[in-house]
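Have a look at the structure below, then the notes.
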Amino acid sequence: MTDSFAERLLAWHASHGRHDLPWQVSDPYRVWLSEIMLQQTQVTTVIPYYARFLARCPTVADLAAAPHDDVMALWAGLGYYTRARNLHAAAKKVMSDFGGVFPQPPEDIVTLPGVGRSTAAAIAAFSFNTRSAILDGNVKRVLARWAGIDGNIASKAIETRMWDLAQSLLPASQEMPAYTQAIMDLGATVCTPKKSACLTCPMQEDCVARREGRQLELPAPKPKKKIPERQTVMLMVRDGERILLEQRPPTGIWGGLWALPETPSTLEAEADFARRYGMNIALEPVLPELVHVFTHFRLTITPQPAHVVGANALKSDQTRWFTRHEALAAGIPTPLRKLLLLPSV
C-alpha cells in the first residue's frame with residue numbers, strides 16, 4: 001500500500017500535525033537554522049534559542065559577520081557545540097562560495113559544514129519544494145515499524161534499504177513541505193520510541209509492527225554501553241568581584257566557550273595554577289560536587305573557589321576576567337551557568 005502512504009500521511013497531518021512552529025516558513029536560512037538546532041534537541045527547548053538567534057542574526061550575512069564569541073553566547077545551553085561552530089562556518093561558506101544566496105540543490109546544501117544528507121533534504125523540501133527524502137531518527141523509526149525492517153538501522157545495508165523506501169514513498173513535489181513535516185510529526189507525536197499511539201496512527205492498517213505486536217522491538221535497539229565516568233576540579237578564581245575564565249580550544253568538549261580553568265587535583269591546584277598562569281592563588285572551601293551528563297560520558301565536577309594572592313599578571317592569552325553578569329551573558333557551558341547562579345557564589 002505504498003501508493004497511499006503519502007496520501008494518508010498528508011490527510012492525517014492536515015488535522016493533527018504541527019502547523020504553528022516558528023520555522024515553518026520558506027526562508028532557507030531560517031529553515032536551516034532550525035534544522036541544525038533541532039538535531040538531538042527537542043522543539044520546546046529550541047524555540048527560545050531560535051528567537052534569540054534570529055533577533056541577533058536575522059540573515060545569513062549577519063551570521064557570517066558575527067564575532068565568534070557572539071555566536072557561542074547565543075548557542076550556550078543548547079549543547080553539542082560543534083553545531084554552533086559549523087553553523088558559523090557554513091554561513092561564511094554561503095557568503096564566499098554561493099554569493100550570499102543559500103543554495104537550492106541538496107547536493108550543494110550538503111557541502112555546508114554540519115549538514116548531512118537528511119538535513120540537506122529537509123532544507124530543500126521546506127524551502128524549495130524539492131522532492132528528496134529525509135531519514136532522521138523519527139523517520140527511521142516510522143519506516144522500520146511500518147515496513148517491518150529488522151536489523152541494525154545504523155548498518156550500511158539497512159540504511160540503504162531505508163533510503164530507497166523513503167524515496168519511494170514521496171508525494172508530488174508541491175506537497176513536499178507538508179509531507180516532510182508530517183512524517184517528522186508522526187514519529188515525534190504518535191510513533192514514539194517507548195509508546196506508540198497506534199489507534200490514532202494513519203498507518204495502522206498495514207503496519208507490520210502493529211500487526212505482529214513488535215512496536216517496542218522495532219527498530220532494533222542499539223547495544224547499551226556503560227557510560228564512562230570522569231572527574232575534574234574547576235577553579236573558581238576571583239579577584240574582587242571578577243572571576244577568571246579561560247576560552248576552550250576550538251574543538252572538543254565545550255569548544256570555543258569560556259569556562260573555568262581545570263586542574264587534576266585540589267592538592268596540587270595552587271602550584272599547578274601558578275605554573276600555568278603565572279599567578280598565585282589561595283584555595284577556599286570546596287563547593288558540593290556537580291554532575292553533568294554528556295552523550296558519551298558522565299563528568300563529576302569539584303568546584304574549587306580561590307582568590308588571587310598578590311598582584312602578579314596573568315601570562316595566558318586565553319584567559320579573561322569577567323564580572324558575574326558578564327560571564328552569564330557570555331558563551332559558557334551549562335555547569336558553569338549553574339555554579340554562577342548559586343546564591344553562595
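Letters A, B, ... go to the chains of the C-alpha cells in the order shown; residues in each chain start at 1; ligands are counted from 1 in the same order.
Counting only C-alpha atoms, Phe128 of chain A has the following residues at most 12 Å away, ignoring those fewer than 4 positions along the same chain: A:Val25, A:Ser26, A:Asp27, A:Pro28, A:Tyr29, A:Val31, A:Phe102, A:Pro103, A:Gln104, A:Pro105, A:Pro106, A:Ile109, A:Ala120, A:Ala121, A:Ala122, A:Ile123, A:Ala124, A:Ser132, A:Ser173, A:Gln174, A:Glu175, A:Met176, A:Pro177.
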Note to self: When you look at segment 282-292 of chain A with a cut-off of 7 Å (counting only C-alpha atoms), what residues show up, excluding the ones that are within fewer than 4 positions of it in the same chain? I need them as a PyMOL selection string.
What the structure shows: chain A and resi 270+298-309+335
Output the selection as a CSV table (one decimal), in the first residue's frame - N, CA and C atoms for each residue.
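The new file part-v2.csv reads:
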chain,number,residue,atom,x,y,z
A,270,GLU,N,47.1,24.9,43.6
A,270,GLU,CA,47.8,26.2,43.8
A,270,GLU,C,49.1,26.2,42.9
A,298,ARG,N,30.0,10.7,31.8
A,298,ARG,CA,29.4,11.4,32.9
A,298,ARG,C,30.6,12.2,33.6
A,299,LEU,N,30.5,13.5,33.8
A,299,LEU,CA,31.5,14.3,34.3
A,299,LEU,C,31.1,14.7,35.7
A,300,THR,N,32.0,14.4,36.7
A,300,THR,CA,31.8,14.9,38.1
A,300,THR,C,32.7,16.1,38.3
A,301,ILE,N,32.2,17.2,38.6
A,301,ILE,CA,32.9,18.5,38.8
A,301,ILE,C,33.1,18.8,40.2
A,302,THR,N,34.3,19.1,40.7
A,302,THR,CA,34.5,19.6,42.0
A,302,THR,C,34.8,21.1,41.9
A,303,PRO,N,33.9,22.0,42.3
A,303,PRO,CA,34.1,23.4,42.2
A,303,PRO,C,35.0,23.9,43.3
A,304,GLN,N,36.1,24.4,43.0
A,304,GLN,CA,37.1,24.8,44.0
A,304,GLN,C,37.3,26.4,43.9
A,305,PRO,N,36.6,27.1,44.8
A,305,PRO,CA,36.8,28.5,44.9
A,305,PRO,C,38.2,28.9,45.3
A,306,ALA,N,38.7,30.0,44.9
A,306,ALA,CA,40.0,30.5,45.2
A,306,ALA,C,40.0,32.0,45.0
A,307,HIS,N,41.0,32.7,45.6
A,307,HIS,CA,41.2,34.1,45.4
A,307,HIS,C,42.7,34.4,45.1
A,308,VAL,N,42.9,35.5,44.4
A,308,VAL,CA,44.2,35.9,43.9
A,308,VAL,C,45.0,36.4,45.2
A,309,VAL,N,46.3,36.0,45.2
A,309,VAL,CA,47.2,36.5,46.2
A,309,VAL,C,48.3,37.3,45.5
A,335,PRO,N,27.1,23.7,33.1
A,335,PRO,CA,27.6,23.6,34.5
A,335,PRO,C,28.1,24.9,35.1
Please tabulate, as CSV, the residues of segment 164-261 of chain A that come within 12 Å of segment 316-322 of chain A, each with its closest pair of atoms and the distance in Å to one decimal, counting only C-alpha atoms and ordering rows by chain, then residue number upward.
residue,atom,partner,partner_atom,distance
A:Met236,CA,A:Trp321,CA,11.3
A:Val237,CA,A:Trp321,CA,9.5
A:Arg238,CA,A:Trp321,CA,8.6
A:Asp239,CA,A:Trp321,CA,8.3
A:Gly240,CA,A:Trp321,CA,10.4
A:Glu241,CA,A:Phe322,CA,8.4
A:Arg242,CA,A:Phe322,CA,5.2
A:Ile243,CA,A:Phe322,CA,5.3
A:Leu244,CA,A:Trp321,CA,4.7
A:Leu245,CA,A:Arg320,CA,5.6
A:Glu246,CA,A:Thr319,CA,4.2
A:Gln247,CA,A:Gln318,CA,5.4
A:Arg248,CA,A:Gln318,CA,7.9
A:Pro249,CA,A:Gln318,CA,9.1
A:Pro250,CA,A:Gln318,CA,11.6
A:Gly256,CA,A:Gln318,CA,10.5
A:Leu257,CA,A:Gln318,CA,10.9
A:Trp258,CA,A:Thr319,CA,8.5
A:Ala259,CA,A:Thr319,CA,9.3
A:Leu260,CA,A:Thr319,CA,9.4
A:Pro261,CA,A:Thr319,CA,8.8
Next item on the list: Check the DSSP output for the backbone and give back, as a PyMOL selection string, the residues of segment 159-342 of chain A in strand (DSSP E).
Entry: chain A and resi 229-239+242-247+258-259+262-263+280-283+290-293+298-309+319-323
Given the selection you just returned, output its residues as a file containing N, CA and C atoms, formatted as a compact mmCIF listing (two decimals), in the first residue's frame.
# COMPACT_ATOMS: atom_id res chain seq x y z
N GLU A 229 33.00 7.27 33.44
CA GLU A 229 32.98 8.32 34.46
C GLU A 229 34.28 9.11 34.41
N ARG A 230 34.17 10.43 34.48
CA ARG A 230 35.35 11.29 34.53
C ARG A 230 35.19 12.28 35.67
N GLN A 231 36.32 12.75 36.18
CA GLN A 231 36.32 13.74 37.26
C GLN A 231 37.24 14.90 36.89
N THR A 232 36.91 16.07 37.37
CA THR A 232 37.77 17.23 37.19
C THR A 232 37.55 18.21 38.32
N VAL A 233 38.56 19.05 38.56
CA VAL A 233 38.44 20.14 39.53
C VAL A 233 38.41 21.43 38.73
N MET A 234 37.37 22.24 38.94
CA MET A 234 37.26 23.53 38.27
C MET A 234 37.56 24.64 39.26
N LEU A 235 38.50 25.49 38.90
CA LEU A 235 38.95 26.57 39.77
C LEU A 235 38.12 27.82 39.55
N MET A 236 37.45 28.25 40.61
CA MET A 236 36.66 29.48 40.56
C MET A 236 37.50 30.60 41.18
N VAL A 237 38.45 31.11 40.40
CA VAL A 237 39.42 32.09 40.89
C VAL A 237 38.84 33.49 40.79
N ARG A 238 38.83 34.19 41.93
CA ARG A 238 38.28 35.54 41.98
C ARG A 238 39.36 36.57 42.30
N ASP A 239 39.15 37.72 41.71
CA ASP A 239 39.94 38.90 42.06
C ASP A 239 38.91 39.99 42.34
N ARG A 242 35.46 39.95 40.29
CA ARG A 242 35.66 39.34 38.98
C ARG A 242 36.08 37.88 39.11
N ILE A 243 35.67 37.09 38.13
CA ILE A 243 36.05 35.68 38.10
C ILE A 243 36.83 35.40 36.83
N LEU A 244 37.81 34.52 36.92
CA LEU A 244 38.68 34.22 35.79
C LEU A 244 38.10 33.10 34.94
N LEU A 245 37.95 33.36 33.64
CA LEU A 245 37.51 32.33 32.69
C LEU A 245 38.56 32.14 31.61
N GLU A 246 38.58 30.95 31.08
CA GLU A 246 39.54 30.58 30.04
C GLU A 246 38.78 30.09 28.81
N GLN A 247 39.15 30.58 27.64
CA GLN A 247 38.47 30.13 26.42
C GLN A 247 38.98 28.77 26.01
N TRP A 258 33.76 29.94 26.95
CA TRP A 258 34.51 30.41 28.11
C TRP A 258 34.16 29.53 29.30
N ALA A 259 35.18 28.98 29.93
CA ALA A 259 34.96 28.03 31.03
C ALA A 259 35.95 28.30 32.15
N GLU A 262 40.78 24.31 34.69
CA GLU A 262 40.67 23.00 35.33
C GLU A 262 42.03 22.53 35.83
N THR A 263 41.99 21.68 36.83
CA THR A 263 43.21 21.10 37.39
C THR A 263 42.88 19.69 37.85
N ASN A 280 49.61 33.62 41.71
CA ASN A 280 49.43 32.87 42.96
C ASN A 280 47.98 33.00 43.43
N ILE A 281 47.44 31.89 43.92
CA ILE A 281 46.08 31.88 44.45
C ILE A 281 46.06 31.15 45.79
N ALA A 282 45.02 31.40 46.54
CA ALA A 282 44.78 30.70 47.80
C ALA A 282 43.42 30.02 47.71
N LEU A 283 43.38 28.73 48.07
CA LEU A 283 42.14 27.97 47.96
C LEU A 283 41.21 28.27 49.12
N LEU A 290 29.23 18.68 41.36
CA LEU A 290 28.19 18.86 40.35
C LEU A 290 28.41 17.80 39.27
N VAL A 291 27.36 17.06 38.94
CA VAL A 291 27.46 16.02 37.92
C VAL A 291 26.79 16.51 36.64
N HIS A 292 27.53 16.42 35.53
CA HIS A 292 27.00 16.81 34.22
C HIS A 292 27.12 15.62 33.28
N VAL A 293 26.01 15.24 32.65
CA VAL A 293 25.98 14.05 31.80
C VAL A 293 26.04 14.46 30.33
N ARG A 298 29.95 10.68 31.78
CA ARG A 298 29.41 11.45 32.89
C ARG A 298 30.57 12.15 33.58
N LEU A 299 30.45 13.46 33.76
CA LEU A 299 31.52 14.26 34.34
C LEU A 299 31.14 14.72 35.74
N THR A 300 31.98 14.40 36.73
CA THR A 300 31.80 14.90 38.09
C THR A 300 32.75 16.07 38.31
N ILE A 301 32.16 17.22 38.62
CA ILE A 301 32.93 18.45 38.76
C ILE A 301 33.06 18.82 40.24
N THR A 302 34.27 19.06 40.68
CA THR A 302 34.52 19.61 42.01
C THR A 302 34.80 21.10 41.86
N PRO A 303 33.86 21.96 42.26
CA PRO A 303 34.10 23.41 42.15
C PRO A 303 35.00 23.87 43.31
N GLN A 304 36.14 24.42 42.96
CA GLN A 304 37.12 24.85 43.96
C GLN A 304 37.27 26.37 43.93
N PRO A 305 36.59 27.08 44.85
CA PRO A 305 36.78 28.54 44.92
C PRO A 305 38.21 28.88 45.35
N ALA A 306 38.68 30.03 44.89
CA ALA A 306 40.02 30.52 45.25
C ALA A 306 40.04 32.02 45.02
N HIS A 307 41.04 32.66 45.60
CA HIS A 307 41.20 34.10 45.36
C HIS A 307 42.66 34.41 45.07
N VAL A 308 42.88 35.49 44.36
CA VAL A 308 44.22 35.88 43.95
C VAL A 308 45.01 36.38 45.15
N VAL A 309 46.27 35.99 45.19
CA VAL A 309 47.18 36.46 46.23
C VAL A 309 48.28 37.27 45.55
N THR A 319 42.84 33.72 28.69
CA THR A 319 42.06 33.97 29.90
C THR A 319 41.60 35.43 29.95
N ARG A 320 40.51 35.63 30.72
CA ARG A 320 39.98 36.98 30.86
C ARG A 320 39.17 37.07 32.15
N TRP A 321 39.17 38.26 32.75
CA TRP A 321 38.38 38.49 33.95
C TRP A 321 36.97 38.93 33.57
N PHE A 322 35.96 38.34 34.22
CA PHE A 322 34.56 38.66 33.97
C PHE A 322 33.87 38.98 35.30
N THR A 323 32.96 39.93 35.27
CA THR A 323 32.01 40.03 36.38
C THR A 323 31.01 38.89 36.21
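Each of A:Phe297, A:Leu328, A:Thr160, A:Leu199 was compared to Ile227 of chain A using only C-alpha atoms, and A:Phe297 turns out to be the nearest.
The smallest atom-to-atom distance between Pro171 of chain A and any of A:Ala269, A:Leu340, A:Ala133, A:Cys191, using only C-alpha atoms, is found for A:Ala133.
Within segment 199-293 of chain A, residues classed as helix (DSSP H, G or I) by DSSP on backbone coordinates are Leu199, Thr200, Gln204, Glu205, Asp206, Val208, Ala209, Arg210, Arg211, Glu212, Ala269, Glu270, Ala271, Asp272, Phe273, Ala274, Arg275, Arg276 and Tyr277 of chain A.
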Item checked: Close residues, Ala182 of chain A itself excluded, 12 Å, only C-alpha atoms, min 4 positions apart in chain, as an MDAnalysis selection string -> chainID A and resid 5:19 122 126 134 138:139 142 170:171 175:178 186:191 201:202
Same residues, C-alpha atoms, output as a PDB file, in the first residue's frame:
ATOM      1  CA  PHE A   5       1.232   6.134   2.234  1.00  0.00           C
ATOM      2  CA  ALA A   6       1.763   9.787   1.364  1.00  0.00           C
ATOM      3  CA  GLU A   7      -1.955  10.405   0.851  1.00  0.00           C
ATOM      4  CA  ARG A   8      -2.854   9.034   4.292  1.00  0.00           C
ATOM      5  CA  LEU A   9       0.021  10.843   5.966  1.00  0.00           C
ATOM      6  CA  LEU A  10      -0.903  14.189   4.421  1.00  0.00           C
ATOM      7  CA  ALA A  11      -4.556  13.781   5.401  1.00  0.00           C
ATOM      8  CA  TRP A  12      -3.547  12.983   8.983  1.00  0.00           C
ATOM      9  CA  HIS A  13      -1.183  15.934   9.123  1.00  0.00           C
ATOM     10  CA  ALA A  14      -3.816  18.381   7.912  1.00  0.00           C
ATOM     11  CA  SER A  15      -5.828  17.678  11.061  1.00  0.00           C
ATOM     12  CA  HIS A  16      -3.279  16.507  13.613  1.00  0.00           C
ATOM     13  CA  GLY A  17       0.165  17.794  12.580  1.00  0.00           C
ATOM     14  CA  ARG A  18       2.098  20.787  13.872  1.00  0.00           C
ATOM     15  CA  HIS A  19       1.365  23.938  11.880  1.00  0.00           C
ATOM     16  CA  ALA A 122      14.734  18.697   4.729  1.00  0.00           C
ATOM     17  CA  PHE A 126      10.764  23.004   3.133  1.00  0.00           C
ATOM     18  CA  ILE A 134      14.674  12.688   4.725  1.00  0.00           C
ATOM     19  CA  ASN A 138      11.890   9.783  13.751  1.00  0.00           C
ATOM     20  CA  VAL A 139      11.550   8.718  10.126  1.00  0.00           C
ATOM     21  CA  VAL A 142       8.307   5.046  11.468  1.00  0.00           C
ATOM     22  CA  LEU A 170       7.335  10.609  -1.585  1.00  0.00           C
ATOM     23  CA  PRO A 171       4.368  12.573  -2.979  1.00  0.00           C
ATOM     24  CA  GLU A 175       3.376  18.627  -1.385  1.00  0.00           C
ATOM     25  CA  MET A 176       6.902  18.120  -0.078  1.00  0.00           C
ATOM     26  CA  PRO A 177       6.899  20.746   2.719  1.00  0.00           C
ATOM     27  CA  ALA A 178       3.716  19.302   4.259  1.00  0.00           C
ATOM     28  CA  LEU A 186       4.226  11.222  13.090  1.00  0.00           C
ATOM     29  CA  GLY A 187       7.443   9.968  14.622  1.00  0.00           C
ATOM     30  CA  ALA A 188       7.576  12.726  17.235  1.00  0.00           C
ATOM     31  CA  THR A 189       3.978  12.544  18.441  1.00  0.00           C
ATOM     32  CA  VAL A 190       2.470   9.150  17.515  1.00  0.00           C
ATOM     33  CA  CYS A 191       5.108   6.552  16.629  1.00  0.00           C
ATOM     34  CA  CYS A 201      -1.889   6.390  13.510  1.00  0.00           C
ATOM     35  CA  PRO A 202      -2.864   6.750   9.841  1.00  0.00           C
TER      36      PRO A 202
END
Note to self: I'd like the contact shell of Arg210 of chain A - 8 Å cut-off, only C-alpha atoms, skipping same-chain residues fewer than 5 positions apart - returned as number ranges by chain.
What the structure shows: A: 145-146, 198, 204, 215
Check: Neighbours of Leu216 of chain A within 10 Å (only C-alpha atoms; same-chain residues fewer than 5 positions away dropped), as JSON, numbers by chain?
Finding: {"A": [145, 192, 193, 194, 195, 196, 209, 210, 221]}
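Rounded to one decimal, atom CA of Ala144 of chain A and atom CA of Glu217 of chain A lie 9.9 Å from each other.
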